[in-house]
file query_13.pdb (PDB, C-alpha atoms and all ligand atoms)
ATOM      1  CA  MET H   1      15.709 -10.033   8.851  1.00  0.00           C
ATOM      2  CA  LYS H   2      13.841 -12.530   6.636  1.00  0.00           C
ATOM      3  CA  LEU H   3      11.508 -11.168   3.978  1.00  0.00           C
ATOM      4  CA  PHE H   4       8.472 -13.000   2.631  1.00  0.00           C
ATOM      5  CA  VAL H   5       6.441 -11.727  -0.323  1.00  0.00           C
ATOM      6  CA  TYR H   6       2.798 -12.762  -0.764  1.00  0.00           C
ATOM      7  CA  HIS H   7       1.019 -11.742  -3.939  1.00  0.00           C
ATOM      8  CA  THR H   8      -2.427 -11.495  -2.367  1.00  0.00           C
ATOM      9  CA  PRO H   9      -3.825 -11.288   1.184  1.00  0.00           C
ATOM     10  CA  GLU H  10      -5.353 -14.756   0.694  1.00  0.00           C
ATOM     11  CA  LEU H  11      -1.909 -16.308   0.180  1.00  0.00           C
ATOM     12  CA  THR H  12      -0.580 -15.307   3.606  1.00  0.00           C
ATOM     13  CA  PRO H  13      -0.205 -18.205   6.055  1.00  0.00           C
ATOM     14  CA  THR H  14      -2.943 -18.451   8.641  1.00  0.00           C
ATOM     15  CA  GLU H  15      -0.840 -19.922  11.464  1.00  0.00           C
ATOM     16  CA  ASP H  16       2.413 -17.939  11.627  1.00  0.00           C
ATOM     17  CA  ALA H  17       2.390 -14.224  12.298  1.00  0.00           C
ATOM     18  CA  PRO H  18       5.353 -12.035  11.322  1.00  0.00           C
ATOM     19  CA  GLU H  19       6.876  -9.373  13.536  1.00  0.00           C
ATOM     20  CA  CYS H  20       6.168  -6.823  10.802  1.00  0.00           C
ATOM     21  CA  ALA H  21       3.633  -6.924   7.971  1.00  0.00           C
ATOM     22  CA  ILE H  22       3.440  -4.467   5.103  1.00  0.00           C
ATOM     23  CA  ALA H  23       0.413  -3.926   2.880  1.00  0.00           C
ATOM     24  CA  VAL H  24       1.117  -2.806  -0.686  1.00  0.00           C
ATOM     25  CA  ASP H  25      -1.450  -1.425  -3.099  1.00  0.00           C
ATOM     26  CA  VAL H  26       0.506   0.807  -5.438  1.00  0.00           C
ATOM     27  CA  LEU H  27      -2.567   1.377  -7.666  1.00  0.00           C
ATOM     28  CA  ARG H  28      -3.772   3.122  -5.658  1.00  0.00           C
ATOM     29  CA  ALA H  29      -4.787   2.658  -2.012  1.00  0.00           C
ATOM     30  CA  THR H  30      -1.420   2.698  -0.249  1.00  0.00           C
ATOM     31  CA  SER H  31      -0.187   5.470  -2.553  1.00  0.00           C
ATOM     32  CA  THR H  32      -3.223   7.496  -1.486  1.00  0.00           C
ATOM     33  CA  MET H  33      -2.673   6.714   2.209  1.00  0.00           C
ATOM     34  CA  ALA H  34       0.982   7.760   2.074  1.00  0.00           C
ATOM     35  CA  THR H  35       0.013  10.948   0.256  1.00  0.00           C
ATOM     36  CA  VAL H  36      -2.648  11.865   2.818  1.00  0.00           C
ATOM     37  CA  LEU H  37      -0.306  11.351   5.767  1.00  0.00           C
ATOM     38  CA  ALA H  38       2.528  13.230   4.053  1.00  0.00           C
ATOM     39  CA  ALA H  39       0.109  16.115   3.421  1.00  0.00           C
ATOM     40  CA  GLY H  40      -0.729  16.404   7.121  1.00  0.00           C
ATOM     41  CA  GLY H  41      -3.769  14.159   7.395  1.00  0.00           C
ATOM     42  CA  GLU H  42      -4.555  13.354  11.055  1.00  0.00           C
ATOM     43  CA  ALA H  43      -4.847   9.619  10.337  1.00  0.00           C
ATOM     44  CA  VAL H  44      -6.166   7.116   7.833  1.00  0.00           C
ATOM     45  CA  GLN H  45      -8.804   4.634   8.990  1.00  0.00           C
ATOM     46  CA  VAL H  46      -9.604   1.700   6.725  1.00  0.00           C
ATOM     47  CA  PHE H  47     -12.850  -0.227   6.255  1.00  0.00           C
ATOM     48  CA  SER H  48     -13.899  -3.059   4.010  1.00  0.00           C
ATOM     49  CA  ASP H  49     -17.565  -2.331   4.579  1.00  0.00           C
ATOM     50  CA  LEU H  50     -18.991   0.960   3.294  1.00  0.00           C
ATOM     51  CA  ASP H  51     -21.910   1.055   5.758  1.00  0.00           C
ATOM     52  CA  GLN H  52     -19.518   0.617   8.670  1.00  0.00           C
ATOM     53  CA  LEU H  53     -17.341   3.403   7.306  1.00  0.00           C
ATOM     54  CA  VAL H  54     -20.331   5.747   7.221  1.00  0.00           C
ATOM     55  CA  GLU H  55     -21.453   4.752  10.715  1.00  0.00           C
ATOM     56  CA  VAL H  56     -18.020   5.260  12.327  1.00  0.00           C
ATOM     57  CA  SER H  57     -17.175   8.441  10.428  1.00  0.00           C
ATOM     58  CA  GLU H  58     -20.480  10.036  11.405  1.00  0.00           C
ATOM     59  CA  LYS H  59     -19.299  10.066  15.015  1.00  0.00           C
ATOM     60  CA  TRP H  60     -16.364  12.233  13.920  1.00  0.00           C
ATOM     61  CA  PRO H  61     -16.698  16.062  13.637  1.00  0.00           C
ATOM     62  CA  ALA H  62     -17.702  16.836  10.039  1.00  0.00           C
ATOM     63  CA  GLN H  63     -14.937  19.417   9.520  1.00  0.00           C
ATOM     64  CA  LYS H  64     -12.321  16.915  10.721  1.00  0.00           C
ATOM     65  CA  ARG H  65     -13.192  14.021   8.413  1.00  0.00           C
ATOM     66  CA  LEU H  66     -13.085  13.018   4.782  1.00  0.00           C
ATOM     67  CA  ARG H  67     -14.719   9.965   3.291  1.00  0.00           C
ATOM     68  CA  ALA H  68     -12.956   8.238   0.441  1.00  0.00           C
ATOM     69  CA  GLY H  69     -14.073   5.160  -1.376  1.00  0.00           C
ATOM     70  CA  GLU H  70     -13.704   3.300  -4.618  1.00  0.00           C
ATOM     71  CA  ARG H  71     -15.404   0.314  -6.148  1.00  0.00           C
ATOM     72  CA  GLY H  72     -14.119  -0.956  -9.500  1.00  0.00           C
ATOM     73  CA  GLY H  73     -11.933   2.152  -9.666  1.00  0.00           C
ATOM     74  CA  ALA H  74     -14.871   4.567  -9.528  1.00  0.00           C
ATOM     75  CA  LYS H  75     -15.683   6.932  -6.637  1.00  0.00           C
ATOM     76  CA  VAL H  76     -18.361   5.855  -4.158  1.00  0.00           C
ATOM     77  CA  ALA H  77     -21.424   8.121  -4.500  1.00  0.00           C
ATOM     78  CA  GLY H  78     -21.782  10.645  -1.684  1.00  0.00           C
ATOM     79  CA  PHE H  79     -18.140  10.486  -0.563  1.00  0.00           C
ATOM     80  CA  GLU H  80     -15.886  13.532  -0.866  1.00  0.00           C
ATOM     81  CA  LEU H  81     -13.078  11.551  -2.486  1.00  0.00           C
ATOM     82  CA  GLY H  82     -12.514   8.501  -4.633  1.00  0.00           C
ATOM     83  CA  ASN H  83      -9.092   6.880  -4.443  1.00  0.00           C
ATOM     84  CA  SER H  84      -6.943   9.287  -6.417  1.00  0.00           C
ATOM     85  CA  PRO H  85      -3.839  10.401  -4.524  1.00  0.00           C
ATOM     86  CA  LEU H  86      -3.787  13.534  -6.673  1.00  0.00           C
ATOM     87  CA  ASP H  87      -6.983  14.768  -5.032  1.00  0.00           C
ATOM     88  CA  CYS H  88      -5.377  14.607  -1.581  1.00  0.00           C
ATOM     89  CA  THR H  89      -3.910  18.100  -1.415  1.00  0.00           C
ATOM     90  CA  ALA H  90      -2.617  19.561   1.844  1.00  0.00           C
ATOM     91  CA  GLU H  91      -5.364  22.213   1.689  1.00  0.00           C
ATOM     92  CA  LEU H  92      -7.988  19.494   1.738  1.00  0.00           C
ATOM     93  CA  VAL H  93      -6.565  16.822   4.028  1.00  0.00           C
ATOM     94  CA  ALA H  94      -4.421  18.617   6.638  1.00  0.00           C
ATOM     95  CA  GLY H  95      -5.717  17.924  10.141  1.00  0.00           C
ATOM     96  CA  ARG H  96      -8.482  15.640   8.920  1.00  0.00           C
ATOM     97  CA  ARG H  97      -8.965  11.905   9.240  1.00  0.00           C
ATOM     98  CA  LEU H  98      -9.439   9.967   6.013  1.00  0.00           C
ATOM     99  CA  PHE H  99     -12.047   7.205   6.334  1.00  0.00           C
ATOM    100  CA  ILE H 100     -11.373   4.977   3.349  1.00  0.00           C
ATOM    101  CA  SER H 101     -12.642   1.790   1.757  1.00  0.00           C
ATOM    102  CA  THR H 102     -11.229   0.353  -1.469  1.00  0.00           C
ATOM    103  CA  THR H 103     -11.681  -2.894  -3.362  1.00  0.00           C
ATOM    104  CA  ASN H 104      -8.393  -4.596  -2.495  1.00  0.00           C
ATOM    105  CA  GLY H 105      -6.035  -2.336  -0.528  1.00  0.00           C
ATOM    106  CA  THR H 106      -8.101  -2.055   2.620  1.00  0.00           C
ATOM    107  CA  ARG H 107      -8.640  -5.837   2.572  1.00  0.00           C
ATOM    108  CA  ALA H 108      -4.864  -6.378   2.592  1.00  0.00           C
ATOM    109  CA  LEU H 109      -4.460  -4.066   5.570  1.00  0.00           C
ATOM    110  CA  GLN H 110      -7.227  -5.798   7.457  1.00  0.00           C
ATOM    111  CA  ARG H 111      -5.711  -9.220   6.770  1.00  0.00           C
ATOM    112  CA  ILE H 112      -2.439  -8.216   8.484  1.00  0.00           C
ATOM    113  CA  GLN H 113      -3.773  -5.899  11.172  1.00  0.00           C
ATOM    114  CA  ASP H 114      -2.925  -8.257  14.063  1.00  0.00           C
ATOM    115  CA  ALA H 115       0.820  -8.201  13.402  1.00  0.00           C
ATOM    116  CA  PRO H 116       2.835  -6.292  16.040  1.00  0.00           C
ATOM    117  CA  ILE H 117       4.012  -3.806  13.401  1.00  0.00           C
ATOM    118  CA  VAL H 118       1.802  -2.959  10.409  1.00  0.00           C
ATOM    119  CA  LEU H 119       2.900  -0.607   7.632  1.00  0.00           C
ATOM    120  CA  ALA H 120       1.477   0.594   4.327  1.00  0.00           C
ATOM    121  CA  ALA H 121       3.955   0.912   1.475  1.00  0.00           C
ATOM    122  CA  ALA H 122       3.958   2.155  -2.084  1.00  0.00           C
ATOM    123  CA  LEU H 123       6.736   3.084  -4.468  1.00  0.00           C
ATOM    124  CA  ILE H 124       6.409   6.747  -3.507  1.00  0.00           C
ATOM    125  CA  ASN H 125       7.372   6.060   0.144  1.00  0.00           C
ATOM    126  CA  ARG H 126       9.587   3.006  -0.379  1.00  0.00           C
ATOM    127  CA  ALA H 127      12.725   4.647   1.086  1.00  0.00           C
ATOM    128  CA  ALA H 128      10.951   5.601   4.334  1.00  0.00           C
ATOM    129  CA  VAL H 129       9.707   2.023   4.772  1.00  0.00           C
ATOM    130  CA  VAL H 130      13.155   0.570   4.052  1.00  0.00           C
ATOM    131  CA  LYS H 131      14.811   3.003   6.484  1.00  0.00           C
ATOM    132  CA  PHE H 132      12.399   1.935   9.222  1.00  0.00           C
ATOM    133  CA  LEU H 133      13.044  -1.771   8.559  1.00  0.00           C
ATOM    134  CA  LEU H 134      16.824  -1.338   8.569  1.00  0.00           C
ATOM    135  CA  GLU H 135      16.673   0.540  11.876  1.00  0.00           C
ATOM    136  CA  LYS H 136      14.140  -1.718  13.563  1.00  0.00           C
ATOM    137  CA  GLN H 137      15.458  -5.032  12.183  1.00  0.00           C
ATOM    138  CA  PRO H 138      12.289  -7.112  12.650  1.00  0.00           C
ATOM    139  CA  GLU H 139      13.041 -10.816  12.486  1.00  0.00           C
ATOM    140  CA  THR H 140      10.339 -11.628   9.934  1.00  0.00           C
ATOM    141  CA  VAL H 141       8.660  -9.260   7.477  1.00  0.00           C
ATOM    142  CA  TRP H 142       5.718 -10.038   5.235  1.00  0.00           C
ATOM    143  CA  ILE H 143       5.217  -7.828   2.186  1.00  0.00           C
ATOM    144  CA  VAL H 144       1.629  -8.426   1.113  1.00  0.00           C
ATOM    145  CA  GLY H 145       0.403  -7.336  -2.291  1.00  0.00           C
ATOM    146  CA  SER H 146      -3.257  -6.417  -2.516  1.00  0.00           C
ATOM    147  CA  GLY H 147      -3.568  -7.859  -5.996  1.00  0.00           C
ATOM    148  CA  TRP H 148      -6.926  -7.610  -7.707  1.00  0.00           C
ATOM    149  CA  GLU H 149      -9.796  -9.633  -6.265  1.00  0.00           C
ATOM    150  CA  GLY H 150      -7.522 -12.488  -5.239  1.00  0.00           C
ATOM    151  CA  SER H 151      -5.119 -12.490  -8.153  1.00  0.00           C
ATOM    152  CA  PHE H 152      -1.524 -11.395  -8.773  1.00  0.00           C
ATOM    153  CA  SER H 153      -0.685  -7.823  -9.707  1.00  0.00           C
ATOM    154  CA  LEU H 154       2.471  -6.578 -11.404  1.00  0.00           C
ATOM    155  CA  GLU H 155       2.468  -3.194  -9.660  1.00  0.00           C
ATOM    156  CA  ASP H 156       2.350  -4.589  -6.116  1.00  0.00           C
ATOM    157  CA  THR H 157       4.963  -7.220  -6.917  1.00  0.00           C
ATOM    158  CA  VAL H 158       7.361  -4.672  -8.388  1.00  0.00           C
ATOM    159  CA  CYS H 159       6.971  -2.567  -5.246  1.00  0.00           C
ATOM    160  CA  ALA H 160       7.670  -5.599  -3.056  1.00  0.00           C
ATOM    161  CA  GLY H 161      10.764  -6.147  -5.202  1.00  0.00           C
ATOM    162  CA  ALA H 162      11.787  -2.489  -4.825  1.00  0.00           C
ATOM    163  CA  ILE H 163      11.627  -2.808  -1.029  1.00  0.00           C
ATOM    164  CA  ALA H 164      13.480  -6.137  -0.958  1.00  0.00           C
ATOM    165  CA  HIS H 165      16.108  -4.927  -3.444  1.00  0.00           C
ATOM    166  CA  SER H 166      16.817  -1.835  -1.358  1.00  0.00           C
ATOM    167  CA  ILE H 167      17.132  -3.848   1.851  1.00  0.00           C
ATOM    168  CA  TRP H 168      19.472  -6.268   0.142  1.00  0.00           C
ATOM    169  CA  GLN H 169      21.635  -3.411  -1.188  1.00  0.00           C
ATOM    170  CA  GLN H 170      21.745  -1.473   2.078  1.00  0.00           C
ATOM    171  CA  SER H 171      22.207  -4.301   4.565  1.00  0.00           C
ATOM    172  CA  ASN H 172      25.306  -6.400   4.943  1.00  0.00           C
ATOM    173  CA  SER H 173      23.281  -9.512   4.180  1.00  0.00           C
ATOM    174  CA  SER H 174      23.410 -11.794   1.184  1.00  0.00           C
ATOM    175  CA  LEU H 175      20.316 -12.291  -0.966  1.00  0.00           C
ATOM    176  CA  GLU H 176      19.999 -15.772   0.492  1.00  0.00           C
ATOM    177  CA  GLU H 177      20.030 -14.433   4.042  1.00  0.00           C
ATOM    178  CA  ILE H 178      17.133 -12.020   3.513  1.00  0.00           C
ATOM    179  CA  THR H 179      15.024 -14.265   1.273  1.00  0.00           C
ATOM    180  CA  GLY H 180      12.229 -16.137   3.036  1.00  0.00           C
ATOM    181  CA  ASN H 181      10.374 -17.461  -0.029  1.00  0.00           C
ATOM    182  CA  ASP H 182      10.807 -17.717  -3.804  1.00  0.00           C
ATOM    183  CA  GLU H 183       8.442 -14.808  -4.353  1.00  0.00           C
ATOM    184  CA  VAL H 184      11.089 -12.444  -2.938  1.00  0.00           C
ATOM    185  CA  THR H 185      13.605 -13.479  -5.609  1.00  0.00           C
ATOM    186  CA  SER H 186      11.067 -13.145  -8.392  1.00  0.00           C
ATOM    187  CA  ALA H 187       9.880  -9.736  -7.105  1.00  0.00           C
ATOM    188  CA  ILE H 188      13.486  -8.489  -7.070  1.00  0.00           C
ATOM    189  CA  ALA H 189      13.963  -9.810 -10.626  1.00  0.00           C
ATOM    190  CA  LEU H 190      10.829  -7.951 -11.780  1.00  0.00           C
ATOM    191  CA  TYR H 191      12.014  -4.743 -10.157  1.00  0.00           C
ATOM    192  CA  SER H 192      15.528  -5.104 -11.587  1.00  0.00           C
ATOM    193  CA  GLN H 193      14.062  -5.507 -15.070  1.00  0.00           C
ATOM    194  CA  TRP H 194      11.654  -2.550 -14.852  1.00  0.00           C
ATOM    195  CA  GLN H 195      13.143  -0.112 -12.336  1.00  0.00           C
ATOM    196  CA  ASN H 196      13.890   2.493 -15.018  1.00  0.00           C
ATOM    197  CA  ASP H 197      10.456   2.254 -16.629  1.00  0.00           C
ATOM    198  CA  LEU H 198       7.907   1.649 -13.880  1.00  0.00           C
ATOM    199  CA  LEU H 199       5.281   3.635 -15.764  1.00  0.00           C
ATOM    200  CA  GLY H 200       5.863   1.358 -18.752  1.00  0.00           C
ATOM    201  CA  LEU H 201       5.262  -1.641 -16.498  1.00  0.00           C
ATOM    202  CA  PHE H 202       2.022  -0.088 -15.243  1.00  0.00           C
ATOM    203  CA  HIS H 203       0.864   0.147 -18.850  1.00  0.00           C
ATOM    204  CA  GLN H 204       1.311  -3.657 -19.078  1.00  0.00           C
ATOM    205  CA  ALA H 205      -0.526  -4.304 -15.822  1.00  0.00           C
ATOM    206  CA  SER H 206      -4.189  -5.293 -15.933  1.00  0.00           C
ATOM    207  CA  HIS H 207      -5.160  -2.791 -13.240  1.00  0.00           C
ATOM    208  CA  GLY H 208      -3.029  -0.140 -14.922  1.00  0.00           C
ATOM    209  CA  LYS H 209      -5.048  -0.736 -18.104  1.00  0.00           C
ATOM    210  CA  ARG H 210      -8.281  -0.575 -16.101  1.00  0.00           C
ATOM    211  CA  LEU H 211      -7.271   2.800 -14.651  1.00  0.00           C
ATOM    212  CA  LEU H 212      -6.231   4.081 -18.076  1.00  0.00           C
ATOM    213  CA  ARG H 213      -9.726   3.258 -19.329  1.00  0.00           C
ATOM    214  CA  LEU H 214     -10.990   5.397 -16.432  1.00  0.00           C
ATOM    215  CA  GLU H 215      -8.705   8.223 -17.646  1.00  0.00           C
ATOM    216  CA  CYS H 216      -6.335   7.998 -14.677  1.00  0.00           C
ATOM    217  CA  LEU H 217      -3.026   8.356 -16.530  1.00  0.00           C
ATOM    218  CA  GLU H 218      -1.889  11.111 -14.149  1.00  0.00           C
ATOM    219  CA  ASP H 219      -2.450   8.753 -11.207  1.00  0.00           C
ATOM    220  CA  LEU H 220      -0.319   6.101 -12.892  1.00  0.00           C
ATOM    221  CA  LYS H 221       2.450   8.646 -13.460  1.00  0.00           C
ATOM    222  CA  TYR H 222       2.330   9.811  -9.857  1.00  0.00           C
ATOM    223  CA  CYS H 223       2.257   6.293  -8.364  1.00  0.00           C
ATOM    224  CA  SER H 224       5.147   5.129 -10.556  1.00  0.00           C
ATOM    225  CA  GLN H 225       7.563   7.550  -8.869  1.00  0.00           C
ATOM    226  CA  THR H 226      10.002   6.128  -6.337  1.00  0.00           C
ATOM    227  CA  ASP H 227      10.992   7.589  -2.945  1.00  0.00           C
ATOM    228  CA  ILE H 228       9.310  10.983  -3.316  1.00  0.00           C
ATOM    229  CA  LEU H 229       7.551  11.048   0.093  1.00  0.00           C
ATOM    230  CA  ASP H 230       9.327  10.716   3.419  1.00  0.00           C
ATOM    231  CA  VAL H 231       6.374   9.253   5.269  1.00  0.00           C
ATOM    232  CA  LEU H 232       5.849   6.031   7.227  1.00  0.00           C
ATOM    233  CA  PRO H 233       2.209   4.939   7.438  1.00  0.00           C
ATOM    234  CA  ILE H 234       2.285   2.789  10.592  1.00  0.00           C
ATOM    235  CA  GLN H 235      -0.699   1.284  12.382  1.00  0.00           C
ATOM    236  CA  HIS H 236      -1.479   2.841  15.798  1.00  0.00           C
ATOM    237  CA  GLU H 237      -4.569   0.804  16.521  1.00  0.00           C
ATOM    238  CA  PRO H 238      -6.281  -1.855  14.385  1.00  0.00           C
ATOM    239  CA  GLY H 239      -7.256  -0.288  11.080  1.00  0.00           C
ATOM    240  CA  VAL H 240      -5.851   3.164  11.918  1.00  0.00           C
ATOM    241  CA  LEU H 241      -2.586   4.424  10.424  1.00  0.00           C
TER     242      LEU H 241
HETATM  243  O1  LIG H 301      -8.287  -2.068  -5.118  1.00  0.00           O
HETATM  244  C1  LIG H 301      -7.993  -1.095  -4.460  1.00  0.00           C
HETATM  245  O2  LIG H 301      -7.874  -1.123  -3.244  1.00  0.00           O
HETATM  246  C2  LIG H 301      -7.840   0.217  -5.177  1.00  0.00           C
HETATM  247  O3  LIG H 301      -6.623   0.782  -4.899  1.00  0.00           O
HETATM  248  C3  LIG H 301      -8.220   0.106  -6.601  1.00  0.00           C
HETATM  249  S1  LIG H 301      -8.256   1.616  -7.475  1.00  0.00           S
HETATM  250  O4  LIG H 301      -6.964   1.894  -8.001  1.00  0.00           O
HETATM  251  O5  LIG H 301      -8.714   2.685  -6.651  1.00  0.00           O
HETATM  252  O6  LIG H 301      -9.190   1.378  -8.576  1.00  0.00           O
END
call {"tool": "encode", "arguments": {"input": "query_13.pdb", "output": "structure tokens"}}
result
Amino acid sequence: MKLFVYHTPELTPTEDAPECAIAVDVLRATSTMATVLAAGGEAVQVFSDLDQLVEVSEKWPAQKRLRAGERGGAKVAGFELGNSPLDCTAELVAGRRLFISTTNGTRALQRIQDAPIVLAAALINRAAVVKFLLEKQPETVWIVGSGWEGSFSLEDTVCAGAIAHSIWQQSNSSLEEITGNDEVTSAIALYSQWQNDLLGLFHQASHGKRLLRLECLEDLKYCSQTDILDVLPIQHEPGVL
């Protein structure tokens, strides 16, 4: 298995396609998706366009759907949910489909949606993703950070490093054998440096600071936990996990 880390969806190669591609948006889209599925949500369907989200979700029974959306960190008017994983309780989401659009996370998922295997990962479900990869042994794996509007993000990179580090530790491979690009090595180094203080790292991150200004400290605390949800968000059809 060769791992490749890309810091933003825009940095992924346009020609080659991997056997498995993983979207990461720790703050907060993929953390929210993992939480919804772990809480019994029927599925998560992602959209970049809000009007399209409304149009498609309207064809769904009202009691079986939830609309979630965020722009600039703030909830989209008229939707039941923003993008806080803490709002996604089992009472609210069980048996319902989450129709979601966020600034960066949904864009990352859409960029990789043609890969044969598409996953969504966050720190909270890292172990489930790693377990799947070790069992399935895809030849090439892209770990794609959502970043923020085309630029690098610390929180997605540290999660990519957490995944790569765990694969390295649990497989019989050397670091060289699993490393497909330099970004993998630097993501592992970031994770190794911060693994015992991921919340502290989020306080250094520009999007972490943005969310703190929006009074989302509890979200940061929740998303900084590692391996707390045994859930594998895997794409069943384009855009649906
Ligand atoms: O950019 C995104 O996709 C979001 O996760 C951003 S936020 O954390 O909801 O502000």
call {"tool": "residues_near_point", "arguments": {"input": "query_13.pdb", "point": "(9.9, 0.5, 6.6)", "cutoff": "9 Å", "atoms": "only C-alpha atoms", "output": "short mmCIF file (atom, residue, chain, number, x, y, z; two decimals) with C-alpha atoms, keeping the file's coordinate frame"}}
result
data_model
loop_
_atom_site.label_atom_id
_atom_site.label_comp_id
_atom_site.auth_asym_id
_atom_site.auth_seq_id
_atom_site.Cartn_x
_atom_site.Cartn_y
_atom_site.Cartn_z
CA ILE H 22 3.44 -4.47 5.10
CA LEU H 119 2.90 -0.61 7.63
CA ALA H 120 1.48 0.59 4.33
CA ALA H 121 3.96 0.91 1.48
CA ASN H 125 7.37 6.06 0.14
CA ARG H 126 9.59 3.01 -0.38
CA ALA H 127 12.72 4.65 1.09
CA ALA H 128 10.95 5.60 4.33
CA VAL H 129 9.71 2.02 4.77
CA VAL H 130 13.16 0.57 4.05
CA LYS H 131 14.81 3.00 6.48
CA PHE H 132 12.40 1.94 9.22
CA LEU H 133 13.04 -1.77 8.56
CA LEU H 134 16.82 -1.34 8.57
CA GLU H 135 16.67 0.54 11.88
CA LYS H 136 14.14 -1.72 13.56
CA ILE H 163 11.63 -2.81 -1.03
CA LEU H 232 5.85 6.03 7.23
CA PRO H 233 2.21 4.94 7.44
CA ILE H 234 2.28 2.79 10.59
#
call {"tool": "atom_distance", "arguments": {"input": "query_13.pdb", "atom1": "atom CA of Ile100 of chain H", "atom2": "atom CA of Glu70 of chain H"}}
result
8.5 Å
call {"tool": "residues_near_ligand", "arguments": {"input": "query_13.pdb", "ligand": "ligand LIG 301 (chain H)", "cutoff": "6 Å", "atoms": "all atoms listed in the file", "output": "PyMOL selection string"}}
result
chain H and resi 25+27-29+70+72-73+83+102-106
call {"tool": "resolve_selection", "arguments": {"input": "query_13.pdb", "expression": "the PyMOL selection byres (((chain H and resi 57-66) around 7) and not hetatm)", "output": "JSON, numbers by chain"}}
result
{"H": [53, 54, 55, 56, 67, 68, 80, 95, 96, 97, 98, 99]}
call {"tool": "closest_residue", "arguments": {"input": "query_13.pdb", "among": "H:Val26, H:His203, H:Thr12, H:Thr35", "to": "Ala162 of chain H", "atoms": "all atoms listed in the file"}}
result
H:Val26
call {"tool": "closest_residue", "arguments": {"input": "query_13.pdb", "among": "H:Leu199, H:Ile167, H:Cys216, H:Cys159", "to": "Leu123 of chain H", "atoms": "all atoms listed in the file"}}
result
H:Cys159
call {"tool": "resolve_selection", "arguments": {"input": "query_13.pdb", "expression": "the PyMOL selection byres (((chain H and resi 147) around 7) and not hetatm)", "output": "PyMOL selection string"}}
result
chain H and resi 7-8+104+145-146+148-153+156
call {"tool": "closest_residue", "arguments": {"input": "query_13.pdb", "among": "H:Ser48, H:Thr157, H:Gln204, H:Ser166", "to": "Glu183 of chain H", "atoms": "all atoms listed in the file"}}
result
H:Thr157
call {"tool": "atom_distance", "arguments": {"input": "query_13.pdb", "atom1": "atom CA of Leu241 of chain H", "atom2": "atom CA of Gln110 of chain H"}}
result
11.6 Å
call {"tool": "resolve_selection", "arguments": {"input": "query_13.pdb", "expression": "the PyMOL selection byres (((chain H and resi 124) around 7) and not hetatm)", "output": "PyMOL selection string"}}
result
chain H and resi 31+122-123+125-126+223+225-229
call {"tool": "closest_residue", "arguments": {"input": "query_13.pdb", "among": "H:Lys75, H:Lys221, H:Arg111, H:His165", "to": "Tyr191 of chain H", "atoms": "only C-alpha atoms"}}
result
H:His165
call {"tool": "atom_distance", "arguments": {"input": "query_13.pdb", "atom1": "atom CA of Glu176 of chain H", "atom2": "atom CA of Gly200 of chain H"}}
result
29.4 Å
call {"tool": "closest_residue", "arguments": {"input": "query_13.pdb", "among": "H:Thr32, H:Asn196, H:Ser101, H:Gln137", "to": "Gln45 of chain H", "atoms": "all atoms listed in the file"}}
result
H:Ser101
call {"tool": "residues_around", "arguments": {"input": "query_13.pdb", "residues": "Thr185 of chain H", "least_positions_apart": "2", "cutoff": "12 Å", "atoms": "only C-alpha atoms", "output": "PyMOL selection string"}}
result
chain H and resi 3-6+157-158+160-165+168+175-183+187-192
call {"tool": "closest_residue", "arguments": {"input": "query_13.pdb", "among": "H:Ile143, H:Val231, H:Leu217, H:Val118", "to": "Val36 of chain H", "atoms": "only C-alpha atoms"}}
result
H:Val231
call {"tool": "axis_aligned_box", "arguments": {"input": "query_13.pdb", "around": "segment 222-234 of chain H", "padding_each_side": "3 Å", "output": "AutoDock Vina command-line options"}}
result
--center_x 6.6 --center_y 6.9 --center_z 0.0 --size_x 14.8 --size_y 14.3 --size_z 27.1
